[in-house]
file protein.txt (compact mmCIF, C-alpha atoms and all ligand atoms)
# COMPACT_ATOMS: atom_id res chain seq x y z
CA MET A 1184 -13.24 28.42 -9.26
CA ASN A 1185 -13.54 26.50 -5.98
CA LEU A 1186 -12.03 23.08 -5.38
CA PHE A 1187 -14.56 20.25 -5.03
CA ASN A 1188 -14.59 19.99 -1.27
CA VAL A 1189 -14.06 16.30 -0.49
CA TYR A 1190 -11.08 16.42 1.90
CA PRO A 1191 -11.16 17.62 5.52
CA LEU A 1192 -7.77 19.36 5.58
CA TYR A 1193 -5.24 20.02 8.32
CA ASP A 1194 -4.30 23.70 8.25
CA ILE A 1195 -0.68 23.08 7.17
CA THR A 1196 0.89 23.96 3.82
CA PRO A 1197 4.01 21.92 3.05
CA VAL A 1198 6.32 23.69 0.61
CA ARG A 1199 9.48 21.63 0.92
CA ALA A 1200 10.50 18.20 2.19
CA GLU A 1201 13.72 16.32 2.84
CA ASP A 1202 14.10 12.72 3.95
CA VAL A 1203 11.75 12.25 6.94
CA PHE A 1204 10.93 15.95 7.36
CA VAL A 1205 8.35 18.22 5.77
CA TYR A 1206 8.59 22.04 6.01
CA ASP A 1207 5.55 24.31 5.84
CA SER A 1208 5.09 27.79 4.39
CA LYS A 1209 6.01 29.31 7.78
CA GLY A 1210 9.31 27.40 7.85
CA GLU A 1211 8.14 24.97 10.58
CA GLN A 1212 9.61 21.46 10.50
CA TYR A 1213 7.36 18.37 10.78
CA LEU A 1214 8.47 14.78 11.35
CA ASP A 1215 6.67 12.66 8.75
CA LEU A 1216 5.66 9.31 10.28
CA TYR A 1217 2.90 8.87 7.73
CA GLY A 1218 4.69 9.27 4.36
CA GLY A 1219 1.55 10.80 2.82
CA HIS A 1220 -0.44 7.52 3.12
CA ALA A 1221 2.62 5.17 2.93
CA VAL A 1222 3.79 6.69 -0.34
CA ILE A 1223 7.21 8.01 0.63
CA SER A 1224 9.46 4.97 0.68
CA ILE A 1225 13.04 6.19 0.15
CA GLY A 1226 12.59 9.57 1.86
CA HIS A 1227 11.32 12.88 0.51
CA SER A 1228 13.34 14.33 -2.37
CA HIS A 1229 16.12 11.75 -2.10
CA PRO A 1230 19.08 13.24 -4.06
CA HIS A 1231 19.45 10.17 -6.30
CA TYR A 1232 15.71 10.16 -7.06
CA VAL A 1233 15.71 13.90 -7.87
CA LYS A 1234 18.78 13.62 -10.11
CA SER A 1235 17.39 10.58 -11.97
CA LEU A 1236 14.05 12.28 -12.65
CA LYS A 1237 15.68 15.55 -13.78
CA THR A 1238 18.01 13.71 -16.16
CA GLN A 1239 15.15 11.62 -17.55
CA LEU A 1240 12.93 14.68 -18.06
CA GLU A 1241 15.69 16.38 -20.05
CA GLN A 1242 15.74 13.34 -22.37
CA ILE A 1243 12.11 12.22 -22.73
CA GLY A 1244 9.30 12.36 -20.16
CA PHE A 1245 6.50 10.58 -21.97
CA TYR A 1246 5.56 8.67 -25.04
CA SER A 1247 2.61 6.32 -25.42
CA ASN A 1248 2.55 2.52 -25.21
CA ALA A 1249 2.49 2.32 -29.02
CA VAL A 1250 6.31 2.38 -29.16
CA GLN A 1251 9.23 0.63 -27.48
CA ASN A 1252 10.12 1.85 -23.98
CA PRO A 1253 13.13 -0.14 -22.68
CA LEU A 1254 12.71 1.43 -19.22
CA GLN A 1255 9.63 -0.78 -18.71
CA GLN A 1256 11.70 -3.94 -19.23
CA LYS A 1257 14.45 -2.55 -16.99
CA LEU A 1258 11.83 -1.97 -14.28
CA ALA A 1259 10.34 -5.46 -14.74
CA ASP A 1260 13.83 -6.98 -14.37
CA ALA A 1261 14.58 -4.93 -11.25
CA ILE A 1262 11.25 -5.83 -9.59
CA GLY A 1263 11.83 -9.51 -10.47
CA GLU A 1264 15.31 -9.43 -8.97
CA GLN A 1265 14.41 -7.57 -5.78
CA SER A 1266 11.17 -9.44 -5.07
CA CYS A 1267 12.68 -12.82 -6.11
CA LEU A 1268 9.48 -13.44 -8.11
CA HIS A 1269 10.55 -14.80 -11.46
CA LYS A 1270 7.40 -16.43 -12.77
CA TYR A 1271 5.47 -13.19 -13.18
CA GLU A 1272 4.98 -10.55 -15.86
CA LEU A 1273 4.48 -6.83 -15.30
CA PHE A 1274 1.68 -4.50 -16.41
CA LEU A 1275 2.07 -0.83 -15.48
CA CYS A 1276 -0.63 1.72 -14.64
CA ASN A 1277 -0.88 4.90 -12.57
CA SER A 1278 -2.42 4.28 -9.13
CA GLY A 1279 -3.47 1.72 -6.58
CA ALA A 1280 -7.13 1.65 -7.56
CA GLU A 1281 -6.16 1.26 -11.19
CA ALA A 1282 -3.95 -1.70 -10.28
CA ILE A 1283 -6.90 -3.31 -8.45
CA GLU A 1284 -9.27 -2.58 -11.33
CA ASN A 1285 -6.88 -4.26 -13.78
CA ALA A 1286 -6.26 -7.22 -11.47
CA LEU A 1287 -9.99 -7.93 -11.07
CA LYS A 1288 -10.67 -7.49 -14.76
CA LEU A 1289 -7.84 -9.86 -15.63
CA ALA A 1290 -9.11 -12.46 -13.12
CA SER A 1291 -12.52 -12.24 -14.74
CA PHE A 1292 -11.10 -12.55 -18.27
CA HIS A 1293 -9.00 -15.53 -17.20
CA THR A 1294 -11.71 -17.46 -15.38
CA GLN A 1295 -14.72 -16.16 -17.37
CA LYS A 1296 -16.52 -15.71 -14.02
CA LYS A 1297 -17.60 -12.55 -12.22
CA ARG A 1298 -18.19 -12.78 -8.46
CA VAL A 1299 -15.42 -11.62 -6.13
CA ILE A 1300 -14.72 -12.64 -2.53
CA ALA A 1301 -13.25 -9.83 -0.43
CA PHE A 1302 -12.70 -9.33 3.29
CA GLN A 1303 -14.46 -7.37 5.99
CA ASN A 1304 -12.65 -4.11 6.73
CA SER A 1305 -10.82 -4.21 3.40
CA PHE A 1306 -9.81 -1.10 1.47
CA HIS A 1307 -8.89 -1.43 -2.20
CA GLY A 1308 -9.58 2.01 -3.69
CA ARG A 1309 -12.35 4.18 -5.06
CA THR A 1310 -12.83 3.31 -8.74
CA SER A 1311 -15.65 1.06 -9.90
CA ALA A 1312 -14.64 -2.53 -9.08
CA ALA A 1313 -12.02 -1.42 -6.52
CA VAL A 1314 -14.57 0.39 -4.38
CA ALA A 1315 -17.07 -2.45 -4.80
CA VAL A 1316 -14.57 -4.83 -3.13
CA THR A 1317 -13.92 -2.24 -0.40
CA ASP A 1318 -15.90 -2.90 2.77
CA ASN A 1319 -17.32 0.60 3.22
CA SER A 1320 -20.85 1.23 1.98
CA SER A 1321 -20.56 5.01 2.48
CA ILE A 1322 -18.07 5.33 -0.41
CA ASN A 1323 -20.00 2.99 -2.76
CA ALA A 1324 -22.42 4.75 -5.15
CA PRO A 1325 -25.40 2.89 -6.65
CA LEU A 1326 -23.33 2.50 -9.85
CA ASN A 1327 -20.64 0.55 -7.98
CA GLU A 1328 -23.18 -1.81 -6.43
CA GLN A 1329 -23.65 -3.63 -9.74
CA HIS A 1330 -20.53 -5.71 -9.00
CA GLN A 1331 -21.07 -9.10 -7.43
CA VAL A 1332 -19.05 -9.15 -4.22
CA THR A 1333 -19.26 -11.24 -1.07
CA PHE A 1334 -17.45 -10.09 2.07
CA ILE A 1335 -16.23 -12.71 4.51
CA SER A 1336 -14.05 -12.40 7.61
CA PHE A 1337 -10.42 -13.46 8.02
CA ASP A 1338 -10.07 -16.99 9.38
CA ASP A 1339 -13.63 -18.04 8.56
CA PHE A 1340 -12.51 -21.30 6.92
CA GLU A 1341 -16.02 -22.66 6.55
CA THR A 1342 -17.53 -19.68 4.69
CA LEU A 1343 -14.44 -19.42 2.48
CA GLU A 1344 -14.92 -22.92 1.09
CA LYS A 1345 -18.72 -22.61 1.00
CA GLU A 1346 -18.44 -19.50 -1.21
CA LEU A 1347 -15.63 -20.71 -3.49
CA LYS A 1348 -17.39 -24.02 -4.04
CA LYS A 1349 -20.35 -22.29 -5.70
CA GLY A 1350 -18.22 -22.09 -8.86
CA ASP A 1351 -19.01 -18.49 -9.88
CA VAL A 1352 -16.04 -16.73 -8.24
CA CYS A 1353 -13.32 -15.16 -10.42
CA ALA A 1354 -11.14 -13.69 -7.66
CA LEU A 1355 -10.35 -13.73 -3.98
CA ILE A 1356 -8.67 -10.46 -3.03
CA PHE A 1357 -6.83 -9.89 0.26
CA GLU A 1358 -4.38 -7.59 2.01
CA ALA A 1359 -1.75 -9.61 3.92
CA ILE A 1360 -1.84 -6.72 6.41
CA GLN A 1361 -4.91 -4.50 6.16
CA GLY A 1362 -3.92 -0.86 5.75
CA VAL A 1363 -6.87 1.50 6.04
CA GLY A 1364 -8.77 -1.25 7.91
CA GLY A 1365 -6.38 -1.06 10.86
CA LEU A 1366 -3.50 -3.56 10.43
CA ASP A 1367 -5.31 -6.85 10.99
CA GLU A 1368 -3.81 -9.97 9.39
CA PRO A 1369 -5.19 -13.39 8.48
CA SER A 1370 -3.66 -16.37 10.29
CA GLU A 1371 -0.95 -18.38 8.54
CA ASP A 1372 -3.24 -21.43 8.22
CA PHE A 1373 -5.92 -19.31 6.59
CA VAL A 1374 -3.44 -17.86 4.05
CA TYR A 1375 -2.45 -21.39 2.97
CA GLN A 1376 -6.10 -22.41 2.85
CA MET A 1377 -6.90 -19.45 0.58
CA GLU A 1378 -4.18 -20.54 -1.84
CA GLU A 1379 -5.19 -24.18 -1.79
CA LEU A 1380 -8.89 -23.49 -2.32
CA CYS A 1381 -8.27 -20.91 -5.06
CA ASN A 1382 -6.29 -23.52 -6.98
CA LYS A 1383 -8.91 -26.19 -6.31
CA TYR A 1384 -11.85 -24.07 -7.48
CA LYS A 1385 -10.00 -22.19 -10.29
CA VAL A 1386 -10.22 -18.79 -8.63
CA CYS A 1387 -7.51 -16.10 -9.01
CA LEU A 1388 -5.85 -15.21 -5.72
CA ILE A 1389 -5.06 -11.47 -5.73
CA ALA A 1390 -2.61 -10.10 -3.15
CA ASP A 1391 -3.20 -6.38 -2.71
CA GLU A 1392 0.24 -4.98 -1.92
CA VAL A 1393 -0.58 -1.38 -2.82
CA GLN A 1394 0.21 -0.21 0.70
CA ALA A 1395 2.41 -2.98 2.13
CA GLY A 1396 4.58 -3.68 -0.92
CA PHE A 1397 8.02 -2.42 -1.93
CA GLY A 1398 9.87 -3.40 1.24
CA ARG A 1399 7.72 -1.67 3.88
CA THR A 1400 7.05 -4.77 6.00
CA GLY A 1401 10.54 -6.28 5.90
CA SER A 1402 9.82 -8.58 2.96
CA PHE A 1403 9.48 -7.14 -0.54
CA PHE A 1404 5.76 -7.98 -0.47
CA ALA A 1405 3.95 -8.62 2.82
CA PHE A 1406 2.45 -11.92 1.55
CA GLN A 1407 6.01 -13.26 1.13
CA LYS A 1408 6.06 -14.00 4.85
CA TYR A 1409 4.27 -17.14 3.56
CA LYS A 1410 5.32 -19.43 0.74
CA ILE A 1411 2.35 -18.75 -1.51
CA ASN A 1412 2.11 -17.82 -5.18
CA PRO A 1413 -0.81 -15.45 -5.77
CA HIS A 1414 -2.03 -15.28 -9.36
CA ILE A 1415 -1.91 -11.47 -9.35
CA ILE A 1416 -0.11 -8.95 -7.12
CA THR A 1417 -1.08 -5.28 -7.06
CA MET A 1418 1.33 -2.49 -6.14
CA ALA A 1419 1.50 1.31 -6.15
CA LYS A 1420 2.21 3.68 -3.25
CA GLY A 1421 5.88 3.12 -2.29
CA MET A 1422 6.70 2.15 -5.87
CA GLY A 1423 7.27 5.73 -7.06
CA ASN A 1424 8.05 7.63 -3.83
CA GLY A 1425 5.38 10.17 -4.79
CA PHE A 1426 5.49 9.89 -8.57
CA PRO A 1427 2.12 8.36 -9.60
CA ILE A 1428 2.76 4.78 -10.71
CA GLY A 1429 1.04 1.47 -10.06
CA GLY A 1430 1.29 -1.99 -11.49
CA ILE A 1431 0.30 -5.60 -11.34
CA LEU A 1432 2.47 -8.72 -11.42
CA ILE A 1433 0.74 -11.51 -13.28
CA HIS A 1434 1.60 -15.18 -12.88
CA SER A 1435 2.82 -16.72 -16.12
CA GLU A 1436 -0.10 -19.17 -16.18
CA ILE A 1437 -2.34 -16.20 -17.12
CA LYS A 1438 -1.72 -15.46 -20.77
CA ALA A 1439 -1.67 -11.97 -22.29
CA LYS A 1440 -3.68 -11.03 -25.36
CA TYR A 1441 -3.38 -7.78 -27.33
CA GLY A 1442 -5.87 -5.20 -26.09
CA MET A 1443 -6.77 -7.11 -22.92
CA LEU A 1444 -5.45 -4.28 -20.74
CA GLY A 1445 -4.22 -0.83 -21.71
CA THR A 1446 -3.50 2.71 -20.57
CA THR A 1447 -2.32 6.03 -22.00
CA PHE A 1448 -0.04 7.20 -19.20
CA GLY A 1449 0.86 3.91 -17.47
CA GLY A 1450 4.53 2.94 -17.69
CA ASN A 1451 5.69 6.27 -19.08
CA HIS A 1452 9.38 7.13 -19.05
CA LEU A 1453 9.29 9.37 -15.99
CA ALA A 1454 7.22 6.91 -13.95
CA CYS A 1455 9.58 4.02 -14.76
CA CYS A 1456 12.56 6.20 -13.92
CA ALA A 1457 11.03 7.13 -10.54
CA SER A 1458 10.40 3.49 -9.66
CA LEU A 1459 13.85 2.40 -10.80
CA ALA A 1460 15.39 5.08 -8.57
CA VAL A 1461 13.29 3.77 -5.64
CA LEU A 1462 14.52 0.21 -6.23
CA GLU A 1463 18.13 1.38 -6.52
CA ILE A 1464 17.96 3.18 -3.18
CA LEU A 1465 16.07 0.35 -1.46
CA LYS A 1466 18.94 -1.94 -2.44
CA LYS A 1467 21.87 0.44 -1.93
CA GLU A 1468 20.71 1.60 1.51
CA ASP A 1469 19.41 -1.86 2.53
CA LEU A 1470 16.13 -0.25 3.61
CA GLN A 1471 13.95 -3.38 3.48
CA GLN A 1472 16.26 -5.22 5.90
CA LYS A 1473 16.52 -2.22 8.23
CA THR A 1474 12.74 -2.11 8.79
CA LYS A 1475 13.02 -5.29 10.90
CA ALA A 1476 15.33 -3.77 13.51
CA LEU A 1477 13.27 -0.59 13.54
CA GLU A 1478 10.13 -2.62 14.24
CA VAL A 1479 11.83 -4.28 17.23
CA PHE A 1480 12.90 -0.85 18.52
CA PHE A 1481 9.40 0.57 17.96
CA ARG A 1482 7.73 -2.33 19.75
CA SER A 1483 10.04 -2.08 22.76
CA LYS A 1484 9.34 1.65 23.13
CA ALA A 1485 5.57 1.20 22.64
CA ALA A 1486 5.44 -1.65 25.18
CA ALA A 1487 6.70 0.75 27.84
CA ILE A 1488 3.67 3.07 27.45
CA PRO A 1489 0.80 1.69 29.56
CA GLN A 1490 -1.93 3.51 27.60
CA ILE A 1491 -0.99 1.51 24.47
CA LYS A 1492 -3.16 -1.62 24.56
CA LYS A 1493 -1.97 -3.33 21.39
CA ILE A 1494 0.93 -3.01 18.91
CA LYS A 1495 0.05 -4.18 15.40
CA GLY A 1496 1.72 -4.63 12.02
CA ARG A 1497 5.16 -5.50 10.67
CA GLY A 1498 8.31 -3.65 9.64
CA LEU A 1499 7.43 0.01 9.18
CA MET A 1500 3.71 -0.63 8.69
CA LEU A 1501 2.75 -0.32 12.32
CA GLY A 1502 -0.18 0.57 14.52
CA ILE A 1503 -0.68 1.39 18.18
CA GLU A 1504 -4.12 0.86 19.65
CA PHE A 1505 -5.61 2.65 22.66
CA ASP A 1506 -8.86 2.15 24.54
CA PHE A 1507 -10.11 5.58 23.40
CA GLU A 1508 -10.52 7.41 20.07
CA VAL A 1509 -7.24 8.94 18.87
CA ALA A 1510 -8.42 11.88 16.73
CA GLU A 1511 -7.60 14.48 19.44
CA LEU A 1512 -4.29 12.82 20.24
CA ARG A 1513 -3.27 12.93 16.57
CA LYS A 1514 -4.22 16.61 16.43
CA THR A 1515 -2.02 17.33 19.45
CA LEU A 1516 0.83 15.39 17.84
CA ILE A 1517 0.58 17.37 14.63
CA TYR A 1518 -0.11 20.90 15.91
CA LYS A 1519 1.85 20.86 19.17
CA HIS A 1520 4.65 18.37 18.47
CA HIS A 1521 4.81 18.69 14.67
CA ILE A 1522 4.52 14.97 13.95
CA PHE A 1523 2.38 13.52 11.16
CA THR A 1524 0.70 10.18 11.95
CA GLY A 1525 -2.16 8.28 10.31
CA GLY A 1526 -5.63 7.20 11.35
CA SER A 1527 -7.61 4.17 10.16
CA SER A 1528 -11.15 2.87 10.14
CA ASN A 1529 -10.38 1.62 13.65
CA LYS A 1530 -10.87 4.94 15.48
CA ASN A 1531 -8.67 3.84 18.42
CA LEU A 1532 -5.60 3.18 16.27
CA ILE A 1533 -2.69 5.42 15.22
CA ARG A 1534 -0.99 4.23 12.04
CA ILE A 1535 2.77 4.71 11.61
CA LEU A 1536 3.96 4.54 7.99
CA PRO A 1537 7.18 6.55 7.85
CA PRO A 1538 9.68 6.80 5.00
CA LEU A 1539 11.85 3.66 5.23
CA THR A 1540 14.84 5.93 5.89
CA VAL A 1541 13.50 6.76 9.37
CA LYS A 1542 16.01 6.28 12.21
CA GLU A 1543 15.71 5.18 15.85
CA THR A 1544 16.28 8.80 16.94
CA HIS A 1545 13.15 9.89 15.03
CA LEU A 1546 11.07 7.12 16.63
CA GLU A 1547 12.51 8.04 20.04
CA HIS A 1548 11.43 11.63 19.42
CA PHE A 1549 7.93 10.38 18.53
CA PHE A 1550 7.57 8.36 21.73
CA ASN A 1551 8.74 11.28 23.90
CA ALA A 1552 6.18 13.53 22.19
CA LEU A 1553 3.48 10.84 22.52
CA LYS A 1554 4.06 10.59 26.28
CA LYS A 1555 3.72 14.37 26.63
CA ALA A 1556 0.63 14.41 24.39
CA LEU A 1557 -0.97 11.58 26.38
CA SER A 1558 -0.46 13.41 29.66
CA SER A 1559 -1.84 16.68 28.22
CA THR A 1560 -4.90 15.16 26.51
CA ASN A 1561 -5.94 12.99 29.49
C1 LIG B 1 -4.39 -1.70 0.18
C2 LIG B 1 -4.81 -0.59 -0.75
N1 LIG B 1 -5.25 -0.91 -1.99
C3 LIG B 1 -5.62 0.05 -2.86
C4 LIG B 1 -5.56 1.39 -2.53
C5 LIG B 1 -5.97 2.44 -3.53
O1 LIG B 1 -4.85 3.15 -3.97
P1 LIG B 1 -5.00 4.60 -4.65
O2 LIG B 1 -5.40 5.55 -3.57
O3 LIG B 1 -3.63 4.87 -5.21
O4 LIG B 1 -6.02 4.47 -5.72
C6 LIG B 1 -5.12 1.75 -1.26
C7 LIG B 1 -5.08 3.17 -0.85
O5 LIG B 1 -4.98 3.53 0.31
C8 LIG B 1 -4.73 0.75 -0.33
O6 LIG B 1 -4.31 1.04 0.90
call {"tool": "encode", "arguments": {"input": "protein.txt", "output": "structure tokens"}}
result
Amino acid sequence: MNLFNVYPLYDITPVRAEDVFVYDSKGEQYLDLYGGHAVISIGHSHPHYVKSLKTQLEQIGFYSNAVQNPLQQKLADAIGEQSCLHKYELFLCNSGAEAIENALKLASFHTQKKRVIAFQNSFHGRTSAAVAVTDNSSINAPLNEQHQVTFISFDDFETLEKELKKGDVCALIFEAIQGVGGLDEPSEDFVYQMEELCNKYKVCLIADEVQAGFGRTGSFFAFQKYKINPHIITMAKGMGNGFPIGGILIHSEIKAKYGMLGTTFGGNHLACCASLAVLEILKKEDLQQKTKALEVFFRSKAAAIPQIKKIKGRGLMLGIEFDFEVAELRKTLIYKHHIFTGGSSNKNLIRILPPLTVKETHLEHFFNALKKALSSTN
């Protein structure tokens, strides 16, 4: 049987990984500055993570949400403590898109309305409502188009109020730093305006932290750069360091009702254990704090390369923009210099999303390789 051919693949077969390195079937070492789409947070196969998962699997890997699972409460407590968000409750699922789907559904239940406001260049996933709020018509099927969504641009204060005022909007969904879209951010004034108007017009403000959350940007969630209280926060990628887990944090003003949300696999024992191990390492190794110094180092190195026209992002969610398309440059980096980087819908931008355990020496190695690649591709 063939695989359904939806991914254009690099011809590399990773068979082993450790910390910031991936090793292929030929024994070649690759520096991972992409973390498999921002998923690897505490480093590949971190010994504490591996040990915790092995021990958990020997005890119990899965049982359904029909019985008590104290690991879910332990995870909720740990997220509350490390994010300093105490007025929220946790619902667990299995992926980013599923978190978005649940967040939108909950907003609609809560407000009894159905239109959503989303942003140009957004990416929120590929399931029904998640893809409908994603600004990319090529991945929306006719089925997805049944959702009522209006896309507006960051910092368009006038349209924001005009749309919310209509009274039919259940949710406003935003990424504090756009991931797939290419690392653009709304202005601080606009973020506060979103919060104020959502409260005024009884709209749920949803912060999509699927990519930026879990310490990557230097705060636990990227929106925490501002003093706002979204009604719902979505998370996934870095949460499990590769084990599939997602979740939403729900403000206590939204009340739960039996059957409102549900899942078979979400919040299983292994998934909770993976996420708890991530939180333990984030804290023990002070990884969230360390991203700030690494960003400063990264920016200083990037500023010294004249071909780089713009440096974007925060912490270890970074982008470097050129005045040409970077596809060839990324190929040279991967095949010649053995460095994984990311692209985005901005074709001139390289995305850097390494494990949070990356060190200055690794970034130094990247910039040396980048200089060589730039001189060979130009
Ligand atoms: C901001 C954001 N939201 C949602 C998603 C969807 O997550 P998943 O691929 O786990 O469904 C992504 C994936 O890239 C993302 O970057």
call {"tool": "closest_residue", "arguments": {"input": "protein.txt", "among": "A:Ile1433, A:Leu1453, A:Val1541, A:Ile1428", "to": "Ile1416 (chain A)", "atoms": "all atoms listed in the file"}}
result
A:Ile1433
call {"tool": "residues_near_ligand", "arguments": {"input": "protein.txt", "ligand": "ligand LIG 1 (chain B)", "cutoff": "8 Å", "atoms": "all atoms listed in the file", "output": "ChimeraX atom specification"}}
result
/A:1220,1277-1283,1305-1310,1313,1358,1361-1363,1391-1395,1417-1420,1429
call {"tool": "residues_around", "arguments": {"input": "protein.txt", "residues": "Glu1379 (chain A)", "least_positions_apart": "6", "cutoff": "12 Å", "atoms": "only C-alpha atoms", "output": "list in words"}}
result
Phe1340, Leu1343, Glu1344, Leu1347, Leu1355, Asp1372, Phe1373, Lys1385, Val1386, Cys1387, Leu1388, Lys1410, Ile1411, Asn1412 and Pro1413 of chain A
call {"tool": "residues_near_point", "arguments": {"input": "protein.txt", "point": "(11.4, 8.5, -16.1)", "cutoff": "9 Å", "atoms": "all atoms listed in the file", "output": "list in words"}}
result
Ser1235, Leu1236, Lys1237, Thr1238, Gln1239, Leu1240, Ile1243, Gly1244, Phe1245, Leu1254, Gly1450, Asn1451, His1452, Leu1453, Ala1454, Cys1455, Cys1456, Ala1457, Ser1458 and Leu1459 of chain A
call {"tool": "closest_atom_pairs", "arguments": {"input": "protein.txt", "of": "region 1315-1396 of chain A", "to": "region 1504-1518 of chain A", "cutoff": "12 Å", "atoms": "only C-alpha atoms", "output": "JSON lines"}}
result
{"residue": "A:Gly1365", "atom": "CA", "partner": "A:Glu1504", "partner_atom": "CA", "distance": 9.3}
{"residue": "A:Leu1366", "atom": "CA", "partner": "A:Glu1504", "partner_atom": "CA", "distance": 10.2}
{"residue": "A:Asp1367", "atom": "CA", "partner": "A:Glu1504", "partner_atom": "CA", "distance": 11.7}
call {"tool": "build_atoms", "arguments": {"input": "protein.txt", "residues": "region 1426-1445 of chain A", "atoms": "N, CA and C atoms", "output": "short mmCIF file (atom, residue, chain, number, x, y, z; two decimals), in the frame of the given file"}}
result
data_model
loop_
_atom_site.label_atom_id
_atom_site.label_comp_id
_atom_site.auth_asym_id
_atom_site.auth_seq_id
_atom_site.Cartn_x
_atom_site.Cartn_y
_atom_site.Cartn_z
N PHE A 1426 5.86 9.81 -7.16
CA PHE A 1426 5.49 9.89 -8.57
C PHE A 1426 4.36 8.88 -8.82
N PRO A 1427 3.24 9.30 -9.45
CA PRO A 1427 2.12 8.36 -9.60
C PRO A 1427 2.47 7.19 -10.52
N ILE A 1428 2.53 6.02 -9.93
CA ILE A 1428 2.76 4.78 -10.71
C ILE A 1428 2.14 3.62 -9.94
N GLY A 1429 1.55 2.70 -10.65
CA GLY A 1429 1.04 1.47 -10.06
C GLY A 1429 1.33 0.34 -11.03
N GLY A 1430 1.05 -0.87 -10.58
CA GLY A 1430 1.29 -1.99 -11.49
C GLY A 1430 0.72 -3.27 -10.94
N ILE A 1431 0.65 -4.27 -11.82
CA ILE A 1431 0.30 -5.60 -11.34
C ILE A 1431 1.34 -6.60 -11.84
N LEU A 1432 1.62 -7.60 -11.01
CA LEU A 1432 2.47 -8.72 -11.42
C LEU A 1432 1.52 -9.88 -11.68
N ILE A 1433 1.69 -10.49 -12.84
CA ILE A 1433 0.74 -11.51 -13.28
C ILE A 1433 1.46 -12.84 -13.45
N HIS A 1434 0.96 -13.86 -12.79
CA HIS A 1434 1.60 -15.18 -12.88
C HIS A 1434 1.59 -15.67 -14.32
N SER A 1435 2.67 -16.35 -14.70
CA SER A 1435 2.82 -16.72 -16.12
C SER A 1435 1.75 -17.69 -16.62
N GLU A 1436 0.98 -18.28 -15.69
CA GLU A 1436 -0.10 -19.17 -16.18
C GLU A 1436 -1.28 -18.37 -16.76
N ILE A 1437 -1.32 -17.06 -16.49
CA ILE A 1437 -2.34 -16.20 -17.12
C ILE A 1437 -1.72 -15.59 -18.37
N LYS A 1438 -2.34 -15.86 -19.50
CA LYS A 1438 -1.72 -15.46 -20.77
C LYS A 1438 -2.23 -14.10 -21.25
N ALA A 1439 -1.31 -13.30 -21.77
CA ALA A 1439 -1.67 -11.97 -22.29
C ALA A 1439 -2.26 -12.08 -23.70
N LYS A 1440 -3.10 -11.12 -24.02
CA LYS A 1440 -3.68 -11.03 -25.36
C LYS A 1440 -3.71 -9.55 -25.73
N TYR A 1441 -3.37 -9.19 -26.96
CA TYR A 1441 -3.38 -7.78 -27.33
C TYR A 1441 -4.73 -7.14 -27.01
N GLY A 1442 -4.66 -5.97 -26.37
CA GLY A 1442 -5.87 -5.20 -26.09
C GLY A 1442 -6.58 -5.57 -24.80
N MET A 1443 -6.14 -6.64 -24.15
CA MET A 1443 -6.77 -7.11 -22.92
C MET A 1443 -6.76 -6.04 -21.83
N LEU A 1444 -5.60 -5.40 -21.67
CA LEU A 1444 -5.45 -4.28 -20.74
C LEU A 1444 -4.78 -3.14 -21.51
N GLY A 1445 -4.90 -1.93 -21.03
CA GLY A 1445 -4.22 -0.83 -21.71
C GLY A 1445 -4.34 0.46 -20.94
#
